[in-house]
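Participant: Just coords08.cif, nothing more (mmCIF, N, CA and C atoms):
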```cif
data_data
#
loop_
_atom_site.group_PDB
_atom_site.id
_atom_site.type_symbol
_atom_site.label_atom_id
_atom_site.label_comp_id
_atom_site.auth_asym_id
_atom_site.auth_seq_id
_atom_site.Cartn_x
_atom_site.Cartn_y
_atom_site.Cartn_z
ATOM 1 N N MET A 1 -3.400 7.288 -10.150
ATOM 2 C CA MET A 1 -4.123 7.731 -8.973
ATOM 3 C C MET A 1 -4.757 6.526 -8.285
ATOM 4 N N ILE A 2 -5.141 6.714 -7.066
ATOM 5 C CA ILE A 2 -5.619 5.614 -6.249
ATOM 6 C C ILE A 2 -7.023 5.165 -6.636
ATOM 7 N N VAL A 3 -7.922 6.105 -6.923
ATOM 8 C CA VAL A 3 -9.289 5.716 -7.275
ATOM 9 C C VAL A 3 -9.314 4.853 -8.528
ATOM 10 N N PRO A 4 -8.663 5.268 -9.639
ATOM 11 C CA PRO A 4 -8.643 4.375 -10.800
ATOM 12 C C PRO A 4 -8.010 3.023 -10.482
ATOM 13 N N LEU A 5 -7.017 2.992 -9.620
ATOM 14 C CA LEU A 5 -6.396 1.732 -9.229
ATOM 15 C C LEU A 5 -7.421 0.833 -8.558
ATOM 16 N N ASN A 6 -8.189 1.379 -7.617
ATOM 17 C CA ASN A 6 -9.221 0.594 -6.945
ATOM 18 C C ASN A 6 -10.275 0.112 -7.929
ATOM 19 N N ARG A 7 -10.636 0.953 -8.892
ATOM 20 C CA ARG A 7 -11.620 0.546 -9.904
ATOM 21 C C ARG A 7 -11.071 -0.574 -10.774
ATOM 22 N N GLN A 8 -9.803 -0.488 -11.134
ATOM 23 C CA GLN A 8 -9.202 -1.542 -11.954
ATOM 24 C C GLN A 8 -9.139 -2.862 -11.201
ATOM 25 N N ILE A 9 -8.950 -2.801 -9.911
ATOM 26 C CA ILE A 9 -8.927 -4.016 -9.101
ATOM 27 C C ILE A 9 -10.336 -4.592 -8.984
ATOM 28 N N ALA A 10 -11.341 -3.725 -8.794
ATOM 29 C CA ALA A 10 -12.715 -4.177 -8.588
ATOM 30 C C ALA A 10 -13.382 -4.644 -9.879
ATOM 31 N N ALA A 11 -13.011 -4.083 -11.016
ATOM 32 C CA ALA A 11 -13.689 -4.381 -12.283
ATOM 33 C C ALA A 11 -13.728 -5.872 -12.626
ATOM 34 N N PRO A 12 -12.624 -6.594 -12.579
ATOM 35 C CA PRO A 12 -12.681 -8.013 -12.971
ATOM 36 C C PRO A 12 -13.203 -8.940 -11.875
ATOM 37 N N ARG A 13 -13.515 -8.388 -10.713
ATOM 38 C CA ARG A 13 -13.927 -9.222 -9.584
ATOM 39 C C ARG A 13 -15.170 -10.060 -9.898
ATOM 40 N N GLN A 14 -16.199 -9.443 -10.516
ATOM 41 C CA GLN A 14 -17.432 -10.175 -10.815
ATOM 42 C C GLN A 14 -17.169 -11.330 -11.779
ATOM 43 N N ALA A 15 -16.381 -11.083 -12.808
ATOM 44 C CA ALA A 15 -16.065 -12.141 -13.773
ATOM 45 C C ALA A 15 -15.276 -13.259 -13.094
ATOM 46 N N PHE A 16 -14.371 -12.883 -12.212
ATOM 47 C CA PHE A 16 -13.566 -13.875 -11.502
ATOM 48 C C PHE A 16 -14.456 -14.724 -10.598
ATOM 49 N N GLU A 17 -15.384 -14.061 -9.889
ATOM 50 C CA GLU A 17 -16.296 -14.792 -9.010
ATOM 51 C C GLU A 17 -17.212 -15.708 -9.811
ATOM 52 N N ALA A 18 -17.667 -15.247 -10.983
ATOM 53 C CA ALA A 18 -18.528 -16.071 -11.830
ATOM 54 C C ALA A 18 -17.784 -17.309 -12.328
ATOM 55 N N GLY A 19 -16.539 -17.142 -12.688
ATOM 56 C CA GLY A 19 -15.765 -18.257 -13.224
ATOM 57 C C GLY A 19 -15.235 -19.215 -12.177
ATOM 58 N N TYR A 20 -14.893 -18.683 -11.000
ATOM 59 C CA TYR A 20 -14.230 -19.512 -9.987
ATOM 60 C C TYR A 20 -14.970 -19.587 -8.650
ATOM 61 N N ARG A 21 -16.087 -18.864 -8.546
ATOM 62 C CA ARG A 21 -16.892 -18.801 -7.314
ATOM 63 C C ARG A 21 -16.130 -18.217 -6.131
ATOM 64 N N HIS A 22 -15.081 -17.521 -6.441
ATOM 65 C CA HIS A 22 -14.291 -16.874 -5.396
ATOM 66 C C HIS A 22 -13.414 -15.808 -6.048
ATOM 67 N N ALA A 23 -13.162 -14.755 -5.334
ATOM 68 C CA ALA A 23 -12.251 -13.719 -5.830
ATOM 69 C C ALA A 23 -11.295 -13.349 -4.702
ATOM 70 N N PRO A 24 -10.041 -13.140 -5.021
ATOM 71 C CA PRO A 24 -9.083 -12.779 -3.974
ATOM 72 C C PRO A 24 -9.340 -11.374 -3.448
ATOM 73 N N ASP A 25 -9.090 -11.188 -2.172
ATOM 74 C CA ASP A 25 -9.139 -9.851 -1.581
ATOM 75 C C ASP A 25 -7.760 -9.237 -1.736
ATOM 76 N N ILE A 26 -7.716 -8.066 -2.317
ATOM 77 C CA ILE A 26 -6.442 -7.399 -2.564
ATOM 78 C C ILE A 26 -6.325 -6.206 -1.634
ATOM 79 N N ARG A 27 -5.208 -6.122 -0.945
ATOM 80 C CA ARG A 27 -4.919 -5.006 -0.058
ATOM 81 C C ARG A 27 -3.595 -4.396 -0.486
ATOM 82 N N ILE A 28 -3.525 -3.066 -0.491
ATOM 83 C CA ILE A 28 -2.348 -2.359 -0.988
ATOM 84 C C ILE A 28 -1.897 -1.337 0.048
ATOM 85 N N GLY A 29 -0.590 -1.243 0.264
ATOM 86 C CA GLY A 29 0.003 -0.212 1.105
ATOM 87 C C GLY A 29 0.945 0.621 0.258
ATOM 88 N N ILE A 30 0.813 1.941 0.338
ATOM 89 C CA ILE A 30 1.650 2.830 -0.475
ATOM 90 C C ILE A 30 2.315 3.871 0.425
ATOM 91 N N HIS A 31 3.613 4.045 0.235
ATOM 92 C CA HIS A 31 4.405 5.029 0.972
ATOM 93 C C HIS A 31 5.395 5.633 -0.016
ATOM 94 N N LEU A 32 6.173 6.590 0.385
ATOM 95 C CA LEU A 32 7.198 7.149 -0.484
ATOM 96 C C LEU A 32 8.474 7.376 0.296
ATOM 97 N N GLY A 33 9.574 7.422 -0.423
ATOM 98 C CA GLY A 33 10.858 7.667 0.204
ATOM 99 C C GLY A 33 11.992 7.133 -0.640
ATOM 100 N N SER A 34 13.190 7.334 -0.150
ATOM 101 C CA SER A 34 14.384 6.882 -0.868
ATOM 102 C C SER A 34 14.571 5.381 -0.702
ATOM 103 N N VAL A 35 14.978 4.744 -1.787
ATOM 104 C CA VAL A 35 15.196 3.304 -1.805
ATOM 105 C C VAL A 35 16.533 3.034 -2.482
ATOM 106 N N VAL A 36 17.279 2.090 -1.931
ATOM 107 C CA VAL A 36 18.527 1.661 -2.557
ATOM 108 C C VAL A 36 18.220 0.385 -3.335
ATOM 109 N N VAL A 37 18.572 0.390 -4.615
ATOM 110 C CA VAL A 37 18.350 -0.771 -5.478
ATOM 111 C C VAL A 37 19.708 -1.346 -5.839
ATOM 112 N N GLY A 38 19.845 -2.644 -5.688
ATOM 113 C CA GLY A 38 21.120 -3.275 -6.011
ATOM 114 C C GLY A 38 20.923 -4.655 -6.596
ATOM 115 N N GLU A 39 21.922 -5.097 -7.302
ATOM 116 C CA GLU A 39 21.911 -6.428 -7.892
ATOM 117 C C GLU A 39 22.677 -7.355 -6.959
ATOM 118 N N VAL A 40 22.085 -8.490 -6.609
ATOM 119 C CA VAL A 40 22.743 -9.450 -5.728
ATOM 120 C C VAL A 40 22.828 -10.805 -6.413
ATOM 121 N N GLY A 41 23.828 -11.561 -6.029
ATOM 122 C CA GLY A 41 24.011 -12.898 -6.580
ATOM 123 C C GLY A 41 25.174 -12.941 -7.548
ATOM 124 N N MET A 42 25.765 -14.117 -7.668
ATOM 125 C CA MET A 42 26.903 -14.296 -8.576
ATOM 126 C C MET A 42 26.459 -14.995 -9.857
ATOM 127 N N LEU A 43 25.950 -16.193 -9.730
ATOM 128 C CA LEU A 43 25.534 -16.955 -10.908
ATOM 129 C C LEU A 43 24.160 -16.524 -11.407
ATOM 130 N N ARG A 44 23.297 -16.295 -10.484
ATOM 131 C CA ARG A 44 21.930 -15.897 -10.822
ATOM 132 C C ARG A 44 21.634 -14.602 -10.077
ATOM 133 N N THR A 45 21.667 -13.502 -10.774
ATOM 134 C CA THR A 45 21.482 -12.213 -10.110
ATOM 135 C C THR A 45 20.014 -11.817 -10.086
ATOM 136 N N LYS A 46 19.688 -11.021 -9.103
ATOM 137 C CA LYS A 46 18.348 -10.450 -9.008
ATOM 138 C C LYS A 46 18.464 -9.083 -8.359
ATOM 139 N N LEU A 47 17.452 -8.262 -8.581
ATOM 140 C CA LEU A 47 17.421 -6.942 -7.967
ATOM 141 C C LEU A 47 16.852 -7.054 -6.566
ATOM 142 N N THR A 48 17.397 -6.268 -5.668
ATOM 143 C CA THR A 48 16.863 -6.190 -4.323
ATOM 144 C C THR A 48 16.665 -4.720 -3.980
ATOM 145 N N TYR A 49 15.673 -4.455 -3.144
ATOM 146 C CA TYR A 49 15.321 -3.094 -2.755
ATOM 147 C C TYR A 49 15.389 -3.005 -1.243
ATOM 148 N N VAL A 50 16.116 -2.018 -0.722
ATOM 149 C CA VAL A 50 16.236 -1.852 0.720
ATOM 150 C C VAL A 50 16.073 -0.386 1.084
ATOM 151 N N GLY A 51 15.710 -0.161 2.322
ATOM 152 C CA GLY A 51 15.592 1.200 2.825
ATOM 153 C C GLY A 51 14.389 1.351 3.733
ATOM 154 N N ASN A 52 14.348 2.438 4.460
ATOM 155 C CA ASN A 52 13.263 2.719 5.382
ATOM 156 C C ASN A 52 11.917 2.786 4.658
ATOM 157 N N ALA A 53 11.896 3.340 3.450
ATOM 158 C CA ALA A 53 10.641 3.451 2.693
ATOM 159 C C ALA A 53 10.077 2.068 2.362
ATOM 160 N N VAL A 54 10.949 1.131 2.036
ATOM 161 C CA VAL A 54 10.507 -0.236 1.733
ATOM 162 C C VAL A 54 9.900 -0.864 2.983
ATOM 163 N N ASN A 55 10.585 -0.743 4.109
ATOM 164 C CA ASN A 55 10.098 -1.319 5.364
ATOM 165 C C ASN A 55 8.771 -0.705 5.784
ATOM 166 N N THR A 56 8.649 0.614 5.679
ATOM 167 C CA THR A 56 7.406 1.286 6.053
ATOM 168 C C THR A 56 6.262 0.844 5.149
ATOM 169 N N THR A 57 6.524 0.727 3.856
ATOM 170 C CA THR A 57 5.488 0.289 2.918
ATOM 171 C C THR A 57 4.980 -1.103 3.272
ATOM 172 N N VAL A 58 5.882 -1.989 3.629
ATOM 173 C CA VAL A 58 5.482 -3.346 4.027
ATOM 174 C C VAL A 58 4.593 -3.288 5.260
ATOM 175 N N ARG A 59 4.946 -2.466 6.229
ATOM 176 C CA ARG A 59 4.146 -2.355 7.461
ATOM 177 C C ARG A 59 2.760 -1.779 7.165
ATOM 178 N N VAL A 60 2.687 -0.794 6.282
ATOM 179 C CA VAL A 60 1.396 -0.196 5.916
ATOM 180 C C VAL A 60 0.538 -1.233 5.186
ATOM 181 N N GLU A 61 1.151 -2.010 4.315
ATOM 182 C CA GLU A 61 0.416 -3.068 3.606
ATOM 183 C C GLU A 61 -0.111 -4.100 4.598
ATOM 184 N N GLU A 62 0.664 -4.413 5.630
ATOM 185 C CA GLU A 62 0.202 -5.339 6.665
ATOM 186 C C GLU A 62 -1.028 -4.780 7.373
ATOM 187 N N LEU A 63 -1.027 -3.471 7.637
ATOM 188 C CA LEU A 63 -2.193 -2.837 8.262
ATOM 189 C C LEU A 63 -3.413 -2.913 7.351
ATOM 190 N N ALA A 64 -3.208 -2.826 6.048
ATOM 191 C CA ALA A 64 -4.321 -2.905 5.101
ATOM 192 C C ALA A 64 -5.032 -4.248 5.222
ATOM 193 N N HIS A 65 -4.290 -5.304 5.507
ATOM 194 C CA HIS A 65 -4.907 -6.622 5.668
ATOM 195 C C HIS A 65 -5.815 -6.674 6.889
ATOM 196 N N ASP A 66 -5.537 -5.836 7.878
ATOM 197 C CA ASP A 66 -6.329 -5.826 9.106
ATOM 198 C C ASP A 66 -7.424 -4.770 9.098
ATOM 199 N N SER A 67 -7.584 -4.043 7.994
ATOM 200 C CA SER A 67 -8.591 -2.986 7.939
ATOM 201 C C SER A 67 -9.582 -3.271 6.816
ATOM 202 N N ALA A 68 -10.617 -2.464 6.752
ATOM 203 C CA ALA A 68 -11.626 -2.610 5.697
ATOM 204 C C ALA A 68 -11.195 -1.923 4.408
ATOM 205 N N ALA A 69 -10.141 -1.140 4.452
ATOM 206 C CA ALA A 69 -9.688 -0.400 3.271
ATOM 207 C C ALA A 69 -8.963 -1.325 2.304
ATOM 208 N N THR A 70 -9.136 -1.086 1.011
ATOM 209 C CA THR A 70 -8.378 -1.864 0.027
ATOM 210 C C THR A 70 -7.000 -1.266 -0.181
ATOM 211 N N THR A 71 -6.889 0.047 0.005
ATOM 212 C CA THR A 71 -5.618 0.731 -0.197
ATOM 213 C C THR A 71 -5.354 1.651 0.980
ATOM 214 N N LEU A 72 -4.180 1.532 1.574
ATOM 215 C CA LEU A 72 -3.763 2.452 2.627
ATOM 216 C C LEU A 72 -2.567 3.234 2.120
ATOM 217 N N ILE A 73 -2.623 4.533 2.318
ATOM 218 C CA ILE A 73 -1.485 5.385 1.983
ATOM 219 C C ILE A 73 -1.044 6.090 3.252
ATOM 220 N N THR A 74 0.219 6.428 3.326
ATOM 221 C CA THR A 74 0.690 7.142 4.506
ATOM 222 C C THR A 74 0.333 8.619 4.390
ATOM 223 N N GLU A 75 0.272 9.244 5.535
ATOM 224 C CA GLU A 75 -0.003 10.678 5.579
ATOM 225 C C GLU A 75 1.075 11.450 4.817
ATOM 226 N N GLN A 76 2.317 10.984 4.889
ATOM 227 C CA GLN A 76 3.408 11.641 4.165
ATOM 228 C C GLN A 76 3.137 11.649 2.664
ATOM 229 N N LEU A 77 2.650 10.548 2.128
ATOM 230 C CA LEU A 77 2.350 10.474 0.698
ATOM 231 C C LEU A 77 1.189 11.395 0.342
ATOM 232 N N ARG A 78 0.143 11.388 1.162
ATOM 233 C CA ARG A 78 -1.024 12.239 0.902
ATOM 234 C C ARG A 78 -0.623 13.705 0.868
ATOM 235 N N LYS A 79 0.188 14.112 1.833
ATOM 236 C CA LYS A 79 0.627 15.511 1.887
ATOM 237 C C LYS A 79 1.581 15.853 0.748
ATOM 238 N N ARG A 80 2.486 14.951 0.427
ATOM 239 C CA ARG A 80 3.496 15.210 -0.609
ATOM 240 C C ARG A 80 2.859 15.475 -1.962
ATOM 241 N N PHE A 81 1.816 14.715 -2.298
ATOM 242 C CA PHE A 81 1.163 14.864 -3.593
ATOM 243 C C PHE A 81 -0.108 15.690 -3.520
ATOM 244 N N ASP A 82 -0.430 16.209 -2.333
ATOM 245 C CA ASP A 82 -1.600 17.060 -2.141
ATOM 246 C C ASP A 82 -2.812 16.455 -2.850
ATOM 247 N N LEU A 83 -3.123 15.210 -2.501
ATOM 248 C CA LEU A 83 -4.203 14.489 -3.166
ATOM 249 C C LEU A 83 -5.547 15.148 -2.889
ATOM 250 N N PRO A 84 -6.330 15.428 -3.932
ATOM 251 C CA PRO A 84 -7.630 16.086 -3.758
ATOM 252 C C PRO A 84 -8.590 15.217 -2.949
ATOM 253 N N ALA A 85 -9.351 15.862 -2.092
ATOM 254 C CA ALA A 85 -10.278 15.147 -1.215
ATOM 255 C C ALA A 85 -11.294 14.327 -2.000
ATOM 256 N N GLU A 86 -11.704 14.809 -3.190
ATOM 257 C CA GLU A 86 -12.714 14.071 -3.952
ATOM 258 C C GLU A 86 -12.192 12.737 -4.495
ATOM 259 N N LEU A 87 -10.876 12.554 -4.497
ATOM 260 C CA LEU A 87 -10.307 11.283 -4.947
ATOM 261 C C LEU A 87 -10.179 10.271 -3.823
ATOM 262 N N LEU A 88 -10.317 10.732 -2.588
ATOM 263 C CA LEU A 88 -10.084 9.856 -1.446
ATOM 264 C C LEU A 88 -11.322 9.712 -0.588
ATOM 265 N N VAL A 89 -11.518 8.533 -0.098
ATOM 266 C CA VAL A 89 -12.458 8.312 0.982
ATOM 267 C C VAL A 89 -11.553 8.072 2.172
ATOM 268 N N ALA A 90 -11.203 9.152 2.845
ATOM 269 C CA ALA A 90 -10.156 9.076 3.859
ATOM 270 C C ALA A 90 -10.727 9.133 5.265
ATOM 271 N N THR A 91 -10.194 8.284 6.079
ATOM 272 C CA THR A 91 -10.477 8.279 7.500
ATOM 273 C C THR A 91 -9.142 8.145 8.197
ATOM 274 N N SER A 92 -8.888 9.014 9.134
ATOM 275 C CA SER A 92 -7.625 8.925 9.847
ATOM 276 C C SER A 92 -7.632 7.698 10.743
ATOM 277 N N LEU A 93 -6.560 6.962 10.686
ATOM 278 C CA LEU A 93 -6.398 5.828 11.590
ATOM 279 C C LEU A 93 -5.612 6.252 12.824
ATOM 280 N N ALA A 94 -5.541 7.561 13.008
ATOM 281 C CA ALA A 94 -4.774 8.149 14.101
ATOM 282 C C ALA A 94 -3.307 7.790 13.934
ATOM 283 N N THR A 95 -2.572 7.951 14.970
ATOM 284 C CA THR A 95 -1.146 7.635 14.906
ATOM 285 C C THR A 95 -0.953 6.203 15.376
ATOM 286 N N LEU A 96 -0.380 5.413 14.504
ATOM 287 C CA LEU A 96 -0.194 3.997 14.804
ATOM 288 C C LEU A 96 1.276 3.666 14.938
ATOM 289 N N ASN A 97 1.565 2.711 15.770
ATOM 290 C CA ASN A 97 2.928 2.206 15.865
ATOM 291 C C ASN A 97 3.071 1.062 14.876
ATOM 292 N N LEU A 98 3.874 1.279 13.858
ATOM 293 C CA LEU A 98 4.124 0.233 12.882
ATOM 294 C C LEU A 98 5.162 -0.724 13.441
ATOM 295 N N ARG A 99 4.983 -2.006 13.178
ATOM 296 C CA ARG A 99 5.909 -3.025 13.661
ATOM 297 C C ARG A 99 7.333 -2.692 13.219
ATOM 298 N N GLY A 100 8.265 -2.700 14.168
ATOM 299 C CA GLY A 100 9.665 -2.436 13.853
ATOM 300 C C GLY A 100 10.018 -0.968 13.729
ATOM 301 N N LYS A 101 9.061 -0.075 13.982
ATOM 302 C CA LYS A 101 9.313 1.363 13.857
ATOM 303 C C LYS A 101 9.266 2.005 15.243
ATOM 304 N N HIS A 102 10.186 2.940 15.470
ATOM 305 C CA HIS A 102 10.215 3.632 16.755
ATOM 306 C C HIS A 102 9.322 4.863 16.743
ATOM 307 N N LYS A 103 9.198 5.504 15.567
ATOM 308 C CA LYS A 103 8.349 6.681 15.448
ATOM 309 C C LYS A 103 6.973 6.266 14.944
ATOM 310 N N PRO A 104 5.899 6.736 15.598
ATOM 311 C CA PRO A 104 4.560 6.418 15.108
ATOM 312 C C PRO A 104 4.334 7.016 13.721
ATOM 313 N N SER A 105 3.461 6.374 12.956
ATOM 314 C CA SER A 105 3.137 6.836 11.611
ATOM 315 C C SER A 105 1.634 6.815 11.453
ATOM 316 N N GLY A 106 1.107 7.670 10.594
ATOM 317 C CA GLY A 106 -0.341 7.744 10.429
ATOM 318 C C GLY A 106 -0.809 7.429 9.033
ATOM 319 N N PRO A 107 -1.190 6.168 8.762
ATOM 320 C CA PRO A 107 -1.719 5.848 7.444
ATOM 321 C C PRO A 107 -3.084 6.473 7.228
ATOM 322 N N ALA A 108 -3.387 6.788 5.991
ATOM 323 C CA ALA A 108 -4.680 7.348 5.618
ATOM 324 C C ALA A 108 -5.328 6.400 4.621
ATOM 325 N N PRO A 109 -6.414 5.683 5.002
ATOM 326 C CA PRO A 109 -7.024 4.745 4.065
ATOM 327 C C PRO A 109 -7.692 5.467 2.918
ATOM 328 N N SER A 110 -7.771 4.809 1.785
ATOM 329 C CA SER A 110 -8.487 5.378 0.649
ATOM 330 C C SER A 110 -9.378 4.325 0.050
#
```
Would you write out, as structure tokens, the structure that this file holds?

Facilitator:
Amino acid sequence: MIVPLNRQIAAPRQAFEAGYRHAPDIRIGIHLGSVVVGEVGMLRTKLTYVGNAVNTTVRVEELAHDSAATTLITEQLRKRFDLPAELLVATSLATLNLRGKHKPSGPAPS
């Protein structure tokens, strides 16, 4: 779930700041959808992931960097899993045009 994820990210922050006098800001974008996974390369292979869901997730993560939210989820994900309101601190960002997308999408910060 998203709340425990945010807590796990925040928990080591104080220790990190004490040890290094700085802590990284972490922003997360989460979406859902079909993804094609394939192996590429001849001598040195690696997995690659492609599909609309991958592209949308990247765009949502980019929006997270420009917002105060640590985690942004799409409205599609929120509805699909019927996430309880008590787990989310949600504010609608209205309908946004994601870079490279023709249809507007509405991320829901948590």

Participant: Measure the distance from atom C of Glu39 (chain A) to atom C of Arg27 (chain A) in Å and round it to one decimal.

Facilitator: 27.2 Å

Participant: Determine the residue membership of the PyMOL selection byres ((chain A and resi 69) around 8) for the file above and supply it as a list in words.

Facilitator: Ile26, Arg27, Ile28, Leu63, Ala64, His65, Asp66, Ser67, Ala68, Thr70, Thr71, Leu72, Pro109 and Ser110 of chain A

Participant: Please enumerate the residues selected by the PyMOL selection byres ((chain A and resi 37) around 6.5) when evaluated against the supplied file, formatted as number ranges by chain.

Facilitator: A: 35-36, 38-39, 47-50

Participant: Please give the complete set of residues from region 2-49 of chain A that DSSP, run on the backbone, assigns to strand (DSSP E), formatted as an MDAnalysis selection string.

Facilitator: chainID A and resid 28:30 36:40 46:49

Participant: Please indicate the distance in Å from CA of Ala11 (chain A) to CA of Pro24 (chain A), rounded to one decimal place.

Facilitator: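 Distance reported for this atom pair: 12.7 Å.
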
Participant: Point out the residue among A:Gly19, A:Ala10, A:Thr74, A:Gly33 with the least atom-to-atom distance to Val54 (chain A), counting only C-alpha atoms.

Facilitator: A:Gly33

Participant: Could you state the separation of atom N of Ala53 (chain A) and atom C of Ser34 (chain A) in Å, given to one decimal place?

Facilitator: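 Atom N of Ala53 (chain A) sits 5.3 Å away from atom C of Ser34 (chain A).
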
Participant: List the neighbours of Thr57 (chain A) out to 7 Å using only N, CA and C atoms; skip same-chain residues closer than 2 positions along the sequence, and give me the result as a PyMOL selection string.

Facilitator: chain A and resi 29-32+52-55+59-62

Participant: Can you list, as a PDB file with N, CA and C atoms, in the coordinates of the input, every residue of region 17-90 of chain A that DSSP puts in alpha helix (DSSP H)?

Facilitator:
```
ATOM      1  N   GLU A  17     -15.384 -14.061  -9.889  1.00  0.00           N
ATOM      2  CA  GLU A  17     -16.296 -14.792  -9.010  1.00  0.00           C
ATOM      3  C   GLU A  17     -17.212 -15.708  -9.811  1.00  0.00           C
ATOM      4  N   ALA A  18     -17.667 -15.247 -10.983  1.00  0.00           N
ATOM      5  CA  ALA A  18     -18.528 -16.071 -11.830  1.00  0.00           C
ATOM      6  C   ALA A  18     -17.784 -17.309 -12.328  1.00  0.00           C
ATOM      7  N   GLY A  19     -16.539 -17.142 -12.688  1.00  0.00           N
ATOM      8  CA  GLY A  19     -15.765 -18.257 -13.224  1.00  0.00           C
ATOM      9  C   GLY A  19     -15.235 -19.215 -12.177  1.00  0.00           C
ATOM     10  N   TYR A  20     -14.893 -18.683 -11.000  1.00  0.00           N
ATOM     11  CA  TYR A  20     -14.230 -19.512  -9.987  1.00  0.00           C
ATOM     12  C   TYR A  20     -14.970 -19.587  -8.650  1.00  0.00           C
ATOM     13  N   ASN A  52      14.348   2.438   4.460  1.00  0.00           N
ATOM     14  CA  ASN A  52      13.263   2.719   5.382  1.00  0.00           C
ATOM     15  C   ASN A  52      11.917   2.786   4.658  1.00  0.00           C
ATOM     16  N   ALA A  53      11.896   3.340   3.450  1.00  0.00           N
ATOM     17  CA  ALA A  53      10.641   3.451   2.693  1.00  0.00           C
ATOM     18  C   ALA A  53      10.077   2.068   2.362  1.00  0.00           C
ATOM     19  N   VAL A  54      10.949   1.131   2.036  1.00  0.00           N
ATOM     20  CA  VAL A  54      10.507  -0.236   1.733  1.00  0.00           C
ATOM     21  C   VAL A  54       9.900  -0.864   2.983  1.00  0.00           C
ATOM     22  N   ASN A  55      10.585  -0.743   4.109  1.00  0.00           N
ATOM     23  CA  ASN A  55      10.098  -1.319   5.364  1.00  0.00           C
ATOM     24  C   ASN A  55       8.771  -0.705   5.784  1.00  0.00           C
ATOM     25  N   THR A  56       8.649   0.614   5.679  1.00  0.00           N
ATOM     26  CA  THR A  56       7.406   1.286   6.053  1.00  0.00           C
ATOM     27  C   THR A  56       6.262   0.844   5.149  1.00  0.00           C
ATOM     28  N   THR A  57       6.524   0.727   3.856  1.00  0.00           N
ATOM     29  CA  THR A  57       5.488   0.289   2.918  1.00  0.00           C
ATOM     30  C   THR A  57       4.980  -1.103   3.272  1.00  0.00           C
ATOM     31  N   VAL A  58       5.882  -1.989   3.629  1.00  0.00           N
ATOM     32  CA  VAL A  58       5.482  -3.346   4.027  1.00  0.00           C
ATOM     33  C   VAL A  58       4.593  -3.288   5.260  1.00  0.00           C
ATOM     34  N   ARG A  59       4.946  -2.466   6.229  1.00  0.00           N
ATOM     35  CA  ARG A  59       4.146  -2.355   7.461  1.00  0.00           C
ATOM     36  C   ARG A  59       2.760  -1.779   7.165  1.00  0.00           C
ATOM     37  N   VAL A  60       2.687  -0.794   6.282  1.00  0.00           N
ATOM     38  CA  VAL A  60       1.396  -0.196   5.916  1.00  0.00           C
ATOM     39  C   VAL A  60       0.538  -1.233   5.186  1.00  0.00           C
ATOM     40  N   GLU A  61       1.151  -2.010   4.315  1.00  0.00           N
ATOM     41  CA  GLU A  61       0.416  -3.068   3.606  1.00  0.00           C
ATOM     42  C   GLU A  61      -0.111  -4.100   4.598  1.00  0.00           C
ATOM     43  N   GLU A  62       0.664  -4.413   5.630  1.00  0.00           N
ATOM     44  CA  GLU A  62       0.202  -5.339   6.665  1.00  0.00           C
ATOM     45  C   GLU A  62      -1.028  -4.780   7.373  1.00  0.00           C
ATOM     46  N   LEU A  63      -1.027  -3.471   7.637  1.00  0.00           N
ATOM     47  CA  LEU A  63      -2.193  -2.837   8.262  1.00  0.00           C
ATOM     48  C   LEU A  63      -3.413  -2.913   7.351  1.00  0.00           C
ATOM     49  N   ALA A  64      -3.208  -2.826   6.048  1.00  0.00           N
ATOM     50  CA  ALA A  64      -4.321  -2.905   5.101  1.00  0.00           C
ATOM     51  C   ALA A  64      -5.032  -4.248   5.222  1.00  0.00           C
ATOM     52  N   HIS A  65      -4.290  -5.304   5.507  1.00  0.00           N
ATOM     53  CA  HIS A  65      -4.907  -6.622   5.668  1.00  0.00           C
ATOM     54  C   HIS A  65      -5.815  -6.674   6.889  1.00  0.00           C
ATOM     55  N   GLU A  75       0.272   9.244   5.535  1.00  0.00           N
ATOM     56  CA  GLU A  75      -0.003  10.678   5.579  1.00  0.00           C
ATOM     57  C   GLU A  75       1.075  11.450   4.817  1.00  0.00           C
ATOM     58  N   GLN A  76       2.317  10.984   4.889  1.00  0.00           N
ATOM     59  CA  GLN A  76       3.408  11.641   4.165  1.00  0.00           C
ATOM     60  C   GLN A  76       3.137  11.649   2.664  1.00  0.00           C
ATOM     61  N   LEU A  77       2.650  10.548   2.128  1.00  0.00           N
ATOM     62  CA  LEU A  77       2.350  10.474   0.698  1.00  0.00           C
ATOM     63  C   LEU A  77       1.189  11.395   0.342  1.00  0.00           C
ATOM     64  N   ARG A  78       0.143  11.388   1.162  1.00  0.00           N
ATOM     65  CA  ARG A  78      -1.024  12.239   0.902  1.00  0.00           C
ATOM     66  C   ARG A  78      -0.623  13.705   0.868  1.00  0.00           C
ATOM     67  N   LYS A  79       0.188  14.112   1.833  1.00  0.00           N
ATOM     68  CA  LYS A  79       0.627  15.511   1.887  1.00  0.00           C
ATOM     69  C   LYS A  79       1.581  15.853   0.748  1.00  0.00           C
ATOM     70  N   ARG A  80       2.486  14.951   0.427  1.00  0.00           N
ATOM     71  CA  ARG A  80       3.496  15.210  -0.609  1.00  0.00           C
ATOM     72  C   ARG A  80       2.859  15.475  -1.962  1.00  0.00           C
ATOM     73  N   PHE A  81       1.816  14.715  -2.298  1.00  0.00           N
ATOM     74  CA  PHE A  81       1.163  14.864  -3.593  1.00  0.00           C
ATOM     75  C   PHE A  81      -0.108  15.690  -3.520  1.00  0.00           C
TER      76      PHE A  81
END
```

Participant: Would you compute an axis-aligned box for region 49-53 of chain A, covering every atom listed for it in the file with 8 Å of margin on each side, and report centre and edge lengths in Å to one decimal as AutoDock Vina command-line options?

Facilitator:
```
--center_x 13.2 --center_y -0.5 --center_z 1.1 --size_x 22.2 --size_y 23.9 --size_z 24.5
```
